[in-house]
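Inspection log for the structure reproduced underneath, given as structure tokens.
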Amino acid sequence: MDYEQTLDEIVRRSGLRTRTDADRVVRATLRTLACCAPGDLVAALAAELPPVLAEPLSDAPRRTGVDLCGFIQRVSQLSELEIPQSTYAARVVFELVHESAGPGALAAVRLSLGHDLRVLFDAGARGAGR
């Protein structure tokens, strides 16, 4: 998928109104994820993703660490969306990440996250037992 198709897919799956909203939530979600996992794991994940999903992982500050509430608040703030909308949209972004990346990179990032963040990260796996 190219950039516009990816954003259209996020709009379709999440119920967001615009591509601009989708772009902001992709960047917010993945930049925040990059703050929660070690840089080498984030780089390995980014290498397996299409550019629209990889780029926000590459330019994020590293390893500040947040819990689930902090993650959700940061995504909401950066995406300029209300918390319920940004939380659901972040789950959609993770769904696309799960569809795009190989299982090894996903598993490594997942294991580096705290248990509470794994719940949100796994929500994008479409119910695949983890």
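Letters A, B, ... mark the chains of the structure tokens in the order given; residue numbers begin at 1 per chain; ligand numbers begin at 1, in order shown.
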- [ ] Run DSSP on the backbone of this structure and report the residues of chain A it assigns to alpha helix (DSSP H), as a PyMOL selection string.
- [x] chain A and resi 3-14+19-34+39-47+51-58+68-79+83-100+103-112+115-123
Task: Residue contacts of Ser76 (chain A) (8 Å, only C-alpha atoms) excluding same-chain residues fewer than 4 positions away, as a PyMOL selection string - done: chain A and resi 28+72+80-83+86-87
Open item on the list: Nearest residue to Val92 (chain A) out of A:Cys35, A:Val42, A:Leu120, A:Val52, using only C-alpha atoms?
Closed with: A:Leu120
Open item on the list: Please compute the CA of Thr64 (chain A)-CA of Asp116 (chain A) distance, one decimal, in Å.
Closed with: 15.9 Å
Open item on the list: I want to know what sits within 10 Å of Ala101 (chain A), based on only C-alpha atoms, with residues of the same chain fewer than 2 positions away left out; could you give that as an MDAnalysis selection string?
Closed with: chainID A and resid 44:50 96:99 103:106
TODO: Considering only C-alpha atoms, state which residue in the set A:Val26, A:Ala123, A:Leu113, A:Leu16 is at the smallest distance from Val75 (chain A).
DONE: A:Val26
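CA of Pro38 (chain A) to CA of Val66 (chain A) spans 12.9 Å [interatomic distance, one decimal].
Relative to CA of Gly70 (chain A), CA of Asp122 (chain A) is found at 17.3 Å.
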Open item on the list: With distances taken over only C-alpha atoms, which residue among A:Ile10, A:Leu68, A:Leu41, A:Ala90 lies nearest Arg118 (chain A)?
Closed with: A:Leu68
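Take the candidates A:Ala43, A:Leu117, A:Leu57, A:Ala89 and check each one against Val25 (chain A) using only C-alpha atoms; the shortest distance goes to A:Ala89.
Nearest-residue note for Ser100 (chain A): choosing from A:Leu33, A:Leu53, A:Thr20, A:Tyr3, the minimum distance belongs to A:Leu53, counting only C-alpha atoms.
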